[in-house]
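A short worksheet on the structure shown next.
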Amino acid sequence: MEIRTLRYFLAVAREENMTRAAEVLHVTQPTLSKALKSLEEELGKKLFTRHSFSIRLTEEGMLLRNRAEDLVSMADKIEQEFISLDDISGGELYLGLAESYQIRYLAQVIKDFKTRYPNLHYHITSGDTEQIADKLDKGLLDFLVLAELPDSRKYEYLAFPERDVWGLVIPQEDPLSERDVIRADDLAGLPMFCSEQAWNGDIKRWFGNSFSKMKLEGSFRLSYNGSVFVQEGLGYLLTFRHLIDTSTESGLVFRPLEPALETTLYIAWNKYQTFTPIAERFLQQLKESFFHAENQKDPAK
């Protein structure tokens, strides 16, 4: 099975049309059809169902699409890594990011780094820990930012200089918005939105014995989407401070939890990872920058 054939397959799966896929790939339609027929024969499975004006994936085709996307991404990353070995002015970085206002620290490092390495190209994947950790484990990412303590058996890591503060996003006209802080008893039976990972982790521990009284109305991987539901009066959002616009014009307010709940953010990488030169230099600058930020925050250190 060739990477080129998998690229053909993914193009047809994306375009759902053989002619358009052939145009995108700059190959003839007979060449494309022959390659896909050979792929089906090699796997012994039918990958497409053909209709009058479109092509749809079979269940086997959908399985292959998921695997092929990872394989092609890995091939692209390997190719770029070898190209960058001789490029002293840049290269490719792949990062997976959790949501946090502290991502600004990472953005500042990248900004400074690009002044030294103007040909740096970086690729950002966002999502919860489960989504992006899987990509790091497969070698599709160089670094992973996550909102939980990394597994030290698998990863090395740095802690971000600050801690994220949990709170509740509330409509301005709601009676809860008049509180300075939000306690567990205030939330009993109310419809709440939260990431599933946090709900079963930090939030569950914070609620303690009151957790059984709590109602998860819906889970969101992105806090912004949850805030839209709050604006529509469907419930309340548990999230980090600074992720949601709570200006006067937004119609929303943020109130911290009491007792305070804070989460440390980490940037992690595979313990036995062999970095490209640009990734190695980036990690060194990251360590220096975080060390400086930590000392600026606490001059006594």
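Ligands are numbered from 1 in the order shown, chains are lettered A, B, ... in the order of the structure tokens, and residues start at 1 in each chain.
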* For segment 213-225 of chain A: contacts at 12 Å, only C-alpha atoms, fewer than 3 positions along chain excluded, given as a ChimeraX atom specification -> /A:97-101,126-132,168-169,184-200,203-204,206-210,228-232,234-246
* How would you write, as a VMD selection string, the set of residues in segment 98-198 of chain A that DSSP gives as helix (DSSP H, G or I)? -> chain A and resid 103 to 116 129 to 137 175 to 178 184 to 187 196 to 198
Got time to write the residues from that selection, N, CA, C and O atoms, as a compact mmCIF listing (two decimals), in the first residue's frame?
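Saved as selection-v1.txt:
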# COMPACT_ATOMS: atom_id res chain seq x y z
N ILE A 103 -2.09 30.24 26.91
CA ILE A 103 -1.51 29.98 25.59
C ILE A 103 -0.75 31.21 25.10
O ILE A 103 0.13 31.12 24.25
N ARG A 104 -1.07 32.37 25.68
CA ARG A 104 -0.34 33.60 25.30
C ARG A 104 1.16 33.45 25.58
O ARG A 104 1.99 34.01 24.85
N TYR A 105 1.52 32.72 26.64
CA TYR A 105 2.94 32.50 26.91
C TYR A 105 3.60 31.74 25.75
O TYR A 105 4.73 32.06 25.34
N LEU A 106 2.90 30.76 25.24
CA LEU A 106 3.41 29.98 24.12
C LEU A 106 3.48 30.85 22.87
O LEU A 106 4.47 30.79 22.11
N ALA A 107 2.46 31.67 22.65
CA ALA A 107 2.45 32.56 21.48
C ALA A 107 3.61 33.54 21.53
O ALA A 107 4.23 33.85 20.50
N GLN A 108 3.93 34.03 22.72
CA GLN A 108 5.05 34.97 22.87
C GLN A 108 6.38 34.29 22.54
O GLN A 108 7.24 34.89 21.90
N VAL A 109 6.53 33.03 22.97
CA VAL A 109 7.75 32.29 22.65
C VAL A 109 7.87 32.10 21.14
O VAL A 109 8.95 32.29 20.56
N ILE A 110 6.76 31.73 20.49
CA ILE A 110 6.78 31.53 19.04
C ILE A 110 7.12 32.84 18.33
O ILE A 110 7.91 32.86 17.38
N LYS A 111 6.55 33.95 18.79
CA LYS A 111 6.83 35.25 18.18
C LYS A 111 8.31 35.58 18.27
O LYS A 111 8.94 35.99 17.28
N ASP A 112 8.89 35.42 19.46
CA ASP A 112 10.32 35.68 19.63
C ASP A 112 11.17 34.72 18.81
O ASP A 112 12.19 35.10 18.21
N PHE A 113 10.74 33.46 18.77
CA PHE A 113 11.49 32.42 18.06
C PHE A 113 11.55 32.72 16.56
O PHE A 113 12.57 32.49 15.91
N LYS A 114 10.45 33.25 16.02
CA LYS A 114 10.41 33.54 14.58
C LYS A 114 11.34 34.68 14.20
O LYS A 114 11.74 34.78 13.02
N THR A 115 11.70 35.54 15.12
CA THR A 115 12.67 36.59 14.79
C THR A 115 14.05 35.99 14.56
O THR A 115 14.84 36.53 13.79
N ARG A 116 14.33 34.87 15.22
CA ARG A 116 15.62 34.19 15.04
C ARG A 116 15.57 33.18 13.90
O ARG A 116 16.59 32.91 13.24
N THR A 129 -7.76 16.80 25.97
CA THR A 129 -6.57 15.97 26.16
C THR A 129 -6.63 14.67 25.38
O THR A 129 -5.64 14.25 24.77
N GLU A 130 -7.78 14.03 25.39
CA GLU A 130 -7.91 12.74 24.71
C GLU A 130 -7.61 12.86 23.23
O GLU A 130 -6.90 12.02 22.65
N GLN A 131 -8.13 13.92 22.61
CA GLN A 131 -7.93 14.11 21.18
C GLN A 131 -6.46 14.33 20.83
O GLN A 131 -5.92 13.69 19.92
N ILE A 132 -5.82 15.27 21.54
CA ILE A 132 -4.49 15.66 21.12
C ILE A 132 -3.39 14.76 21.66
O ILE A 132 -2.35 14.61 21.04
N ALA A 133 -3.63 14.10 22.81
CA ALA A 133 -2.63 13.18 23.35
C ALA A 133 -2.45 11.99 22.40
O ALA A 133 -1.34 11.47 22.24
N ASP A 134 -3.53 11.57 21.78
CA ASP A 134 -3.45 10.46 20.83
C ASP A 134 -2.54 10.82 19.66
O ASP A 134 -1.76 9.99 19.19
N LYS A 135 -2.61 12.07 19.21
CA LYS A 135 -1.76 12.50 18.10
C LYS A 135 -0.30 12.58 18.53
O LYS A 135 0.60 12.25 17.75
N LEU A 136 -0.06 13.02 19.76
CA LEU A 136 1.32 13.05 20.26
C LEU A 136 1.88 11.64 20.35
O LEU A 136 3.03 11.38 19.96
N ASP A 137 1.09 10.72 20.86
CA ASP A 137 1.54 9.34 21.02
C ASP A 137 1.86 8.70 19.66
O ASP A 137 2.75 7.84 19.57
N PRO A 175 -30.13 35.88 38.58
CA PRO A 175 -29.86 36.19 40.00
C PRO A 175 -28.49 35.73 40.48
O PRO A 175 -27.88 36.37 41.35
N LEU A 176 -27.95 34.64 39.91
CA LEU A 176 -26.63 34.16 40.32
C LEU A 176 -25.53 35.18 40.00
O LEU A 176 -24.47 35.18 40.63
N SER A 177 -25.77 36.06 39.03
CA SER A 177 -24.75 37.03 38.66
C SER A 177 -24.51 38.05 39.77
O SER A 177 -23.49 38.76 39.76
N GLU A 178 -25.43 38.14 40.74
CA GLU A 178 -25.27 39.07 41.85
C GLU A 178 -24.31 38.54 42.92
O GLU A 178 -23.90 39.29 43.81
N ALA A 184 -20.90 25.27 45.75
CA ALA A 184 -21.53 24.05 45.24
C ALA A 184 -23.03 24.06 45.45
O ALA A 184 -23.80 23.68 44.56
N ASP A 185 -23.50 24.48 46.62
CA ASP A 185 -24.93 24.48 46.91
C ASP A 185 -25.72 25.38 45.97
O ASP A 185 -26.92 25.16 45.75
N ASP A 186 -25.05 26.42 45.41
CA ASP A 186 -25.74 27.33 44.48
C ASP A 186 -26.12 26.64 43.18
O ASP A 186 -27.00 27.10 42.46
N LEU A 187 -25.46 25.52 42.88
CA LEU A 187 -25.60 24.90 41.56
C LEU A 187 -26.43 23.62 41.57
O LEU A 187 -26.66 23.03 40.51
N GLU A 196 -16.43 17.29 29.16
CA GLU A 196 -16.64 15.99 29.82
C GLU A 196 -15.43 15.59 30.65
O GLU A 196 -15.56 15.04 31.74
N GLN A 197 -14.24 15.92 30.13
CA GLN A 197 -13.01 15.59 30.85
C GLN A 197 -12.96 16.29 32.20
O GLN A 197 -12.67 15.67 33.23
N ALA A 198 -13.27 17.60 32.24
CA ALA A 198 -13.23 18.36 33.49
C ALA A 198 -14.36 17.94 34.42
O ALA A 198 -14.18 17.87 35.64
* **Long-range neighbours of Arg7 of chain A as a list in words, 9 Å cut-off, only C-alpha atoms, 2 positions minimum in chain** =>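 With the cut-off at 9 Å, the set is Glu2, Ile3, Arg4, Thr5, Phe9, Leu10, Ala11, Val12, Leu25, Ala68, Glu69 and Val72 of chain A.
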Any chance you can output those residues with N, CA and C atoms as a PDB file, in the first residue's frame?
ATOM      1  N   GLU A   2       0.736   2.085  -1.005  1.00  0.00           N
ATOM      2  CA  GLU A   2       1.579   3.253  -1.158  1.00  0.00           C
ATOM      3  C   GLU A   2       0.910   4.497  -0.573  1.00  0.00           C
ATOM      4  N   ILE A   3       1.735   5.404  -0.067  1.00  0.00           N
ATOM      5  CA  ILE A   3       1.220   6.669   0.454  1.00  0.00           C
ATOM      6  C   ILE A   3       0.503   7.436  -0.655  1.00  0.00           C
ATOM      7  N   ARG A   4       1.041   7.379  -1.870  1.00  0.00           N
ATOM      8  CA  ARG A   4       0.403   8.083  -2.980  1.00  0.00           C
ATOM      9  C   ARG A   4      -1.018   7.577  -3.203  1.00  0.00           C
ATOM     10  N   THR A   5      -1.207   6.262  -3.104  1.00  0.00           N
ATOM     11  CA  THR A   5      -2.543   5.702  -3.290  1.00  0.00           C
ATOM     12  C   THR A   5      -3.481   6.162  -2.181  1.00  0.00           C
ATOM     13  N   PHE A   9      -7.011   8.116  -2.426  1.00  0.00           N
ATOM     14  CA  PHE A   9      -8.219   7.676  -1.720  1.00  0.00           C
ATOM     15  C   PHE A   9      -8.824   8.816  -0.899  1.00  0.00           C
ATOM     16  N   LEU A  10      -7.985   9.553  -0.167  1.00  0.00           N
ATOM     17  CA  LEU A  10      -8.487  10.644   0.673  1.00  0.00           C
ATOM     18  C   LEU A  10      -9.078  11.765  -0.163  1.00  0.00           C
ATOM     19  N   ALA A  11      -8.496  12.027  -1.323  1.00  0.00           N
ATOM     20  CA  ALA A  11      -9.032  13.075  -2.197  1.00  0.00           C
ATOM     21  C   ALA A  11     -10.428  12.707  -2.690  1.00  0.00           C
ATOM     22  N   VAL A  12     -10.621  11.452  -3.081  1.00  0.00           N
ATOM     23  CA  VAL A  12     -11.945  11.011  -3.538  1.00  0.00           C
ATOM     24  C   VAL A  12     -12.941  11.030  -2.380  1.00  0.00           C
ATOM     25  N   LEU A  25      -5.960  16.392  -7.855  1.00  0.00           N
ATOM     26  CA  LEU A  25      -4.709  15.637  -7.791  1.00  0.00           C
ATOM     27  C   LEU A  25      -3.830  15.825  -9.025  1.00  0.00           C
ATOM     28  N   ALA A  68      -5.880   6.319   7.186  1.00  0.00           N
ATOM     29  CA  ALA A  68      -5.094   6.941   6.110  1.00  0.00           C
ATOM     30  C   ALA A  68      -4.727   8.372   6.452  1.00  0.00           C
ATOM     31  N   GLU A  69      -5.627   9.097   7.115  1.00  0.00           N
ATOM     32  CA  GLU A  69      -5.326  10.486   7.490  1.00  0.00           C
ATOM     33  C   GLU A  69      -4.105  10.538   8.406  1.00  0.00           C
ATOM     34  N   VAL A  72      -0.882   9.510   6.271  1.00  0.00           N
ATOM     35  CA  VAL A  72      -0.441  10.569   5.358  1.00  0.00           C
ATOM     36  C   VAL A  72       0.144  11.740   6.142  1.00  0.00           C
TER      37      VAL A  72
END
* To do: Find, counting only C-alpha atoms, the residue in A:Ala293, A:Pro171, A:Asn270, A:Asn17 that gets nearest to Glu249 of chain A.
  =>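 Using only C-alpha atoms, the shortest distance to Glu249 of chain A belongs to A:Pro171.
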* Asked: Pick the closest to Tyr117 of chain A from A:Arg281, A:Leu57, A:Val181, A:Glu162: which is it, counting only C-alpha atoms?
  ->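 Closest candidate: A:Arg281.
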Show me, as a PDB file with N, CA, C and O atoms, in the first residue's frame, the residues that have an atom within 10 Å of Leu43 of chain A when counting only C-alpha atoms, minus same-chain residues fewer than 5 positions from it.
ATOM      1  N   MET A   1       0.846  -1.192   0.000  1.00  0.00           N
ATOM      2  CA  MET A   1       0.000   0.000   0.000  1.00  0.00           C
ATOM      3  C   MET A   1       0.886   1.247   0.000  1.00  0.00           C
ATOM      4  O   MET A   1       1.714   1.425   0.894  1.00  0.00           O
ATOM      5  N   SER A  38      -7.255  -1.031  -7.492  1.00  0.00           N
ATOM      6  CA  SER A  38      -6.148  -1.851  -6.974  1.00  0.00           C
ATOM      7  C   SER A  38      -6.133  -1.841  -5.448  1.00  0.00           C
ATOM      8  O   SER A  38      -5.838  -2.851  -4.806  1.00  0.00           O
ATOM      9  N   GLU A  60     -16.188   0.179   5.654  1.00  0.00           N
ATOM     10  CA  GLU A  60     -14.763  -0.145   5.544  1.00  0.00           C
ATOM     11  C   GLU A  60     -13.974   1.065   5.035  1.00  0.00           C
ATOM     12  O   GLU A  60     -12.844   1.310   5.450  1.00  0.00           O
ATOM     13  N   LEU A  64     -10.818   3.066   6.818  1.00  0.00           N
ATOM     14  CA  LEU A  64      -9.561   3.348   6.131  1.00  0.00           C
ATOM     15  C   LEU A  64      -9.271   4.844   6.122  1.00  0.00           C
ATOM     16  O   LEU A  64      -8.117   5.256   6.286  1.00  0.00           O
TER      17      LEU A  64
END
* To do: Extract, using only C-alpha atoms, all DNA, RNA and protein residues at most 12 Å from Arg179 of chain A, discarding same-chain residues fewer than 3 positions from it, and format them as a list in words.
  =>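 Neighbouring residues, sequence-local ones excluded: Gly167, Leu168, Val169, Ile170, Gln172, Glu173, Asp174, Pro175, Leu176, Ile182, Arg183, Asp186, Val253, Phe254, Arg255, Pro256, Leu257 and Glu258 of chain A.
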* Residue with smallest distance to Glu59 of chain A - pool A:Leu144, A:Ala13, A:Leu47, A:Ala279, counting only C-alpha atoms ->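 Closest to Glu59 of chain A, using only C-alpha atoms: A:Leu47.
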* If you run DSSP on the backbone, which residues of segment 171-207 of chain A are strand (DSSP E or B), as a ChimeraX atom specification? -> /A:171,182,191-194
Identify, on the basis of only C-alpha atoms, every residue whose closest approach to segment 148-160 of chain A does not exceed 9 Å; exclude the query and any residue fewer than 3 positions from it along the same chain; express the result as a PDB file with N, CA, C and O atoms, in the first residue's frame.
ATOM      1  N   GLN A 102      -3.443  31.120  29.097  1.00  0.00           N
ATOM      2  CA  GLN A 102      -1.989  31.014  29.217  1.00  0.00           C
ATOM      3  C   GLN A 102      -1.311  30.605  27.910  1.00  0.00           C
ATOM      4  O   GLN A 102      -0.079  30.640  27.814  1.00  0.00           O
ATOM      5  N   ILE A 103      -2.087  30.245  26.909  1.00  0.00           N
ATOM      6  CA  ILE A 103      -1.509  29.981  25.594  1.00  0.00           C
ATOM      7  C   ILE A 103      -0.752  31.209  25.102  1.00  0.00           C
ATOM      8  O   ILE A 103       0.133  31.116  24.254  1.00  0.00           O
ATOM      9  N   TYR A 105       1.524  32.716  26.640  1.00  0.00           N
ATOM     10  CA  TYR A 105       2.942  32.498  26.912  1.00  0.00           C
ATOM     11  C   TYR A 105       3.601  31.744  25.754  1.00  0.00           C
ATOM     12  O   TYR A 105       4.726  32.056  25.343  1.00  0.00           O
ATOM     13  N   THR A 129      -7.759  16.797  25.970  1.00  0.00           N
ATOM     14  CA  THR A 129      -6.567  15.975  26.162  1.00  0.00           C
ATOM     15  C   THR A 129      -6.629  14.670  25.378  1.00  0.00           C
ATOM     16  O   THR A 129      -5.643  14.246  24.768  1.00  0.00           O
ATOM     17  N   ASP A 137       1.089  10.718  20.859  1.00  0.00           N
ATOM     18  CA  ASP A 137       1.542   9.336  21.019  1.00  0.00           C
ATOM     19  C   ASP A 137       1.865   8.698  19.664  1.00  0.00           C
ATOM     20  O   ASP A 137       2.748   7.836  19.566  1.00  0.00           O
ATOM     21  N   ARG A 163      -1.645  29.718  36.971  1.00  0.00           N
ATOM     22  CA  ARG A 163      -2.661  28.678  37.118  1.00  0.00           C
ATOM     23  C   ARG A 163      -3.997  29.216  36.623  1.00  0.00           C
ATOM     24  O   ARG A 163      -4.311  30.402  36.805  1.00  0.00           O
ATOM     25  N   THR A 263      -6.266  25.145  38.122  1.00  0.00           N
ATOM     26  CA  THR A 263      -5.677  24.053  37.346  1.00  0.00           C
ATOM     27  C   THR A 263      -4.346  24.499  36.768  1.00  0.00           C
ATOM     28  O   THR A 263      -4.237  25.604  36.231  1.00  0.00           O
ATOM     29  N   THR A 264      -3.339  23.644  36.885  1.00  0.00           N
ATOM     30  CA  THR A 264      -2.033  23.913  36.286  1.00  0.00           C
ATOM     31  C   THR A 264      -2.021  23.429  34.844  1.00  0.00           C
ATOM     32  O   THR A 264      -2.513  22.341  34.543  1.00  0.00           O
ATOM     33  N   LEU A 265      -1.472  24.247  33.969  1.00  0.00           N
ATOM     34  CA  LEU A 265      -1.339  23.895  32.562  1.00  0.00           C
ATOM     35  C   LEU A 265       0.089  23.406  32.319  1.00  0.00           C
ATOM     36  O   LEU A 265       1.040  23.931  32.911  1.00  0.00           O
ATOM     37  N   TYR A 266       0.240  22.407  31.451  1.00  0.00           N
ATOM     38  CA  TYR A 266       1.554  21.836  31.162  1.00  0.00           C
ATOM     39  C   TYR A 266       1.782  21.766  29.654  1.00  0.00           C
ATOM     40  O   TYR A 266       0.836  21.601  28.881  1.00  0.00           O
ATOM     41  N   ILE A 267       3.036  21.865  29.268  1.00  0.00           N
ATOM     42  CA  ILE A 267       3.416  21.521  27.903  1.00  0.00           C
ATOM     43  C   ILE A 267       4.291  20.281  27.998  1.00  0.00           C
ATOM     44  O   ILE A 267       5.245  20.231  28.787  1.00  0.00           O
ATOM     45  N   ALA A 268       3.949  19.253  27.235  1.00  0.00           N
ATOM     46  CA  ALA A 268       4.599  17.948  27.368  1.00  0.00           C
ATOM     47  C   ALA A 268       5.102  17.467  26.004  1.00  0.00           C
ATOM     48  O   ALA A 268       4.648  17.918  24.951  1.00  0.00           O
ATOM     49  N   TRP A 269       6.047  16.524  26.046  1.00  0.00           N
ATOM     50  CA  TRP A 269       6.563  15.889  24.849  1.00  0.00           C
ATOM     51  C   TRP A 269       6.930  14.458  25.203  1.00  0.00           C
ATOM     52  O   TRP A 269       7.148  14.116  26.369  1.00  0.00           O
ATOM     53  N   ASN A 270       6.979  13.600  24.200  1.00  0.00           N
ATOM     54  CA  ASN A 270       7.286  12.195  24.443  1.00  0.00           C
ATOM     55  C   ASN A 270       8.659  12.050  25.084  1.00  0.00           C
ATOM     56  O   ASN A 270       9.615  12.725  24.696  1.00  0.00           O
ATOM     57  N   LYS A 271       8.742  11.167  26.066  1.00  0.00           N
ATOM     58  CA  LYS A 271       9.949  11.043  26.882  1.00  0.00           C
ATOM     59  C   LYS A 271      11.171  10.670  26.062  1.00  0.00           C
ATOM     60  O   LYS A 271      12.278  11.143  26.331  1.00  0.00           O
ATOM     61  N   TYR A 272      10.993   9.835  25.069  1.00  0.00           N
ATOM     62  CA  TYR A 272      12.142   9.384  24.279  1.00  0.00           C
ATOM     63  C   TYR A 272      12.085   9.926  22.854  1.00  0.00           C
ATOM     64  O   TYR A 272      12.568   9.298  21.916  1.00  0.00           O
ATOM     65  N   LEU A 286      11.770  27.672  25.035  1.00  0.00           N
ATOM     66  CA  LEU A 286      10.583  27.533  25.873  1.00  0.00           C
ATOM     67  C   LEU A 286      10.978  27.427  27.346  1.00  0.00           C
ATOM     68  O   LEU A 286      10.385  28.089  28.207  1.00  0.00           O
ATOM     69  N   LYS A 287      11.992  26.613  27.645  1.00  0.00           N
ATOM     70  CA  LYS A 287      12.459  26.455  29.022  1.00  0.00           C
ATOM     71  C   LYS A 287      12.981  27.778  29.571  1.00  0.00           C
ATOM     72  O   LYS A 287      12.671  28.157  30.706  1.00  0.00           O
ATOM     73  N   PHE A 290       9.919  30.259  30.116  1.00  0.00           N
ATOM     74  CA  PHE A 290       9.083  29.914  31.258  1.00  0.00           C
ATOM     75  C   PHE A 290       9.830  30.171  32.576  1.00  0.00           C
ATOM     76  O   PHE A 290       9.232  30.606  33.550  1.00  0.00           O
ATOM     77  N   ALA A 293       9.685  33.887  33.129  1.00  0.00           N
ATOM     78  CA  ALA A 293       8.340  34.306  33.536  1.00  0.00           C
ATOM     79  C   ALA A 293       8.050  33.915  34.968  1.00  0.00           C
ATOM     80  O   ALA A 293       7.430  34.666  35.730  1.00  0.00           O
ATOM     81  N   GLU A 294       8.510  32.745  35.384  1.00  0.00           N
ATOM     82  CA  GLU A 294       8.306  32.285  36.751  1.00  0.00           C
ATOM     83  C   GLU A 294       9.043  33.181  37.740  1.00  0.00           C
ATOM     84  O   GLU A 294       8.513  33.524  38.797  1.00  0.00           O
TER      85      GLU A 294
END
* **Of the listed residues A:Ser52, A:Val165, A:Asp76, A:Ser227, that which approaches Ser250 of chain A most closely, counting only C-alpha atoms** =>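 Ranking A:Ser52, A:Val165, A:Asp76, A:Ser227 by distance to Ser250 of chain A, first place goes to A:Ser227.
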* Contacts of Val24 of chain A at 9 Å or less, counting only C-alpha atoms, minus same-chain residues fewer than 4 places along, as a count of residues only? -> 4
